[in-house]
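See structure below.
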Amino acid sequence: MMNIWHIMLIVGLLTFGIRLSFIVILDRWQPPKLVERALRFVPVAVLSAIIAPELVLVGGTLDISLGNLRLLAGIVATLVAWQTKNIVWTIVAGMSMLLILQHFFA
Amino acid sequence: MHARKEFFNGFRDELPLLLGVMPFGMIYGILALAAGLTTGEAQAMSVIVFAGSAQFMLVQLLAVGTPAIVVIVTGFIINLRHALYSASIAPHIKQLNPLWKTLLSYLLTDEAYAIAITRYYKRDASPYKHFYFLGAGLALWSSWQVSTAVGVFLGAQIPSSWSLDFTLALTFIAIVIPSLKDRPSILAAISASVVAVITAGLPYKLNLITAAIVGIAFGLWSEKA
């Protein structure tokens with residue numbers, strides 16, 4: 001019978017294994033050029049995939065309207081990120097915008 | 001000296017992300033106790049599994065008495081996206097010894113990856129970029145442990161009306177937007193976003209991997225066209 005410690009250890013080892021996987025594999029094996037080129041798009045693709053649902057899904061349903069305050073704050077943050085390329089300013093602008101909008105409209 | 005500076009810079013650059021991570025850690029701690037874990041078990045999971053969304057899912061599944069094998073497979077699938085990070089980081093840390101590789105793999109979370117990869121993409125030839133990665137990773141690791149402990153012991157909770165969870169999306173916006181320098185990366189970002197939203201209903205966050213693969217494919221295709 002498995003107890004919680006067994007489950008924790010197995011999931012922990014699997015997670016570690018996933019994180020270590022390609023770091024070990026790519027040591028011994030030279031990937032084809034196509035794979036090397038593909039890797040360049042990993043950050044932008046994964047991070048965009050994390051961001052987009054946060055902005056346009058409200059409780060699991062699509063909401064692209066002025067009533068979606070997180071979307072509005074996200075657009076402001078996008079403009080600030082584009083202009084300043086600065087993480088702190090982007091967070092400050094996005095959070096202020098969201099809190100102000102929530103104060104007045106939520 | 002340069003190594004120490006890289007370490008410090010990595011630690012410092014990770015700090016803005018902690019604003020979003022700490023509340024998650026606290027809520028995890030509270031949830032874990034509510035799910036019936038002891039304080040020791042809750043804290044140990046943050047050390048052993050060290051993966052936010054998987055931990056949330058695990059304690060919830062355990063709370064409703066899900067069979068162990070289902071819990072394990074679920075945790076595995078949720079964390080599969082880290083394989084992409086592993087592949088992306090691998091070429092940059094090829095020269096490091098196994099001890100470093102083991103340590104950095106353990107620290108390879110969403111938030112540490114997001115910061116570390118921006119350092120590797122800078123063109124300067126610093127031989128100490130792995131210290132930057134280590135600094136970012138340890139900043140995240142310590143804040144995750146501390147916030148778990150705070151959630152577990154104090155049961156304190158930041159009001160959800162503060163919307164601090166939103167800082168995570170904002171941080172990623174701040175990282176992605178400046179990296180959109182050419183048509184292929186813009187296309188990769190847009191297609192991944194659209195697919196992530198369309199497939200958001202998939203279980204175990206599988207929409208992230210689906211979207212990432214489509215985004216990468218569009219990026220490659222656009223390079224050729």
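For the structure tokens, the naming scheme is as follows: chains receive sequential letters (A, B, ...) according to their order of presentation, residues are indexed from 1 within each chain, and ligands are indexed from 1 in presentation order.
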(message) Could you list, as a PyMOL selection string, every residue within 7 Å of Ala45 in chain A, counting only C-alpha atoms and ignoring same-chain residues fewer than 3 positions away?
(response) (chain A and resi 41-42+48-49) or (chain B and resi 188-189+192+212+215-216)
Store the residues picked out above, limited to all heavy atoms, as a CSV table (one decimal), in the first residue's frame.
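To be explicit, this is the file written out as result04.csv:
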```
chain,number,residue,atom,x,y,z
A,41,PHE,N,12.4,28.9,-30.2
A,41,PHE,CA,11.1,29.4,-30.0
A,41,PHE,C,10.4,28.9,-28.7
A,41,PHE,O,9.3,29.2,-28.4
A,41,PHE,CB,10.2,28.9,-31.2
A,41,PHE,CG,10.6,29.5,-32.5
A,41,PHE,CD1,11.2,28.8,-33.4
A,41,PHE,CD2,10.4,30.9,-32.7
A,41,PHE,CE1,11.6,29.4,-34.6
A,41,PHE,CE2,10.8,31.5,-33.9
A,41,PHE,CZ,11.4,30.7,-34.8
A,42,VAL,N,11.2,28.1,-27.9
A,42,VAL,CA,10.6,27.5,-26.7
A,42,VAL,C,10.1,28.6,-25.7
A,42,VAL,O,9.0,28.6,-25.3
A,42,VAL,CB,11.5,26.5,-26.0
A,42,VAL,CG1,11.0,26.1,-24.6
A,42,VAL,CG2,11.6,25.2,-26.8
A,48,SER,N,4.1,32.5,-23.8
A,48,SER,CA,2.8,33.1,-24.4
A,48,SER,C,1.6,32.2,-24.0
A,48,SER,O,0.5,32.7,-23.7
A,48,SER,CB,2.9,33.2,-25.9
A,48,SER,OG,4.0,34.0,-26.2
A,49,ALA,N,1.9,30.9,-24.0
A,49,ALA,CA,0.8,29.9,-23.7
A,49,ALA,C,0.3,30.1,-22.3
A,49,ALA,O,-0.8,29.8,-22.0
A,49,ALA,CB,1.2,28.5,-24.1
B,188,ALA,N,5.1,32.8,-33.6
B,188,ALA,CA,5.1,31.8,-32.6
B,188,ALA,C,4.3,32.2,-31.3
B,188,ALA,O,3.6,31.4,-30.8
B,188,ALA,CB,6.6,31.4,-32.2
B,189,ALA,N,4.5,33.4,-30.9
B,189,ALA,CA,3.8,33.9,-29.7
B,189,ALA,C,2.3,33.9,-30.0
B,189,ALA,O,1.5,33.5,-29.1
B,189,ALA,CB,4.3,35.3,-29.4
B,192,ALA,N,0.8,30.3,-30.4
B,192,ALA,CA,0.8,29.6,-29.1
B,192,ALA,C,-0.3,30.2,-28.2
B,192,ALA,O,-1.0,29.4,-27.5
B,192,ALA,CB,2.2,29.7,-28.4
B,212,ALA,N,2.6,25.1,-27.1
B,212,ALA,CA,4.0,25.4,-27.3
B,212,ALA,C,4.5,24.7,-28.6
B,212,ALA,O,5.2,25.3,-29.4
B,212,ALA,CB,4.8,24.8,-26.2
B,215,GLY,N,3.1,26.6,-31.5
B,215,GLY,CA,3.9,27.9,-31.6
B,215,GLY,C,5.3,27.7,-32.3
B,215,GLY,O,5.7,28.4,-33.1
B,216,ILE,N,6.0,26.6,-31.8
B,216,ILE,CA,7.3,26.3,-32.4
B,216,ILE,C,7.2,26.0,-33.8
B,216,ILE,O,8.0,26.5,-34.7
B,216,ILE,CB,7.9,25.2,-31.6
B,216,ILE,CG1,8.3,25.6,-30.1
B,216,ILE,CG2,9.2,24.7,-32.3
B,216,ILE,CD1,8.6,24.4,-29.2
```
(request) Name all residues at most 12 Å from Ala136 in chain B (count only C-alpha atoms; drop same-chain ones fewer than 5 positions away) and give them as a ChimeraX atom specification. (result) /B:6-18,104,107-119,129-131,141-143
(message) Near chain B, meaning an atom within 8 Å, which residues of chain A appear when counting only C-alpha atoms? Write them as a ChimeraX atom specification.
(response) /A:2,5,7-16,18-24,26-27,37-54,56-57,60,74,77-78,81-82,85-88,90-91,94-95,99
(message) I need the residues in chain A that are alpha helix (DSSP H) according to DSSP; give them as a PyMOL selection string.
(response) chain A and resi 4-28+33-39+42-56+69-84+87-105
(request) Would you mind reading off the distance between CA of Ile75 in chain A and CA of Asp182 in chain B, one decimal, in Å? (result)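 Atom-to-atom, CA of Ile75 in chain A to CA of Asp182 in chain B, that is 20.2 Å.
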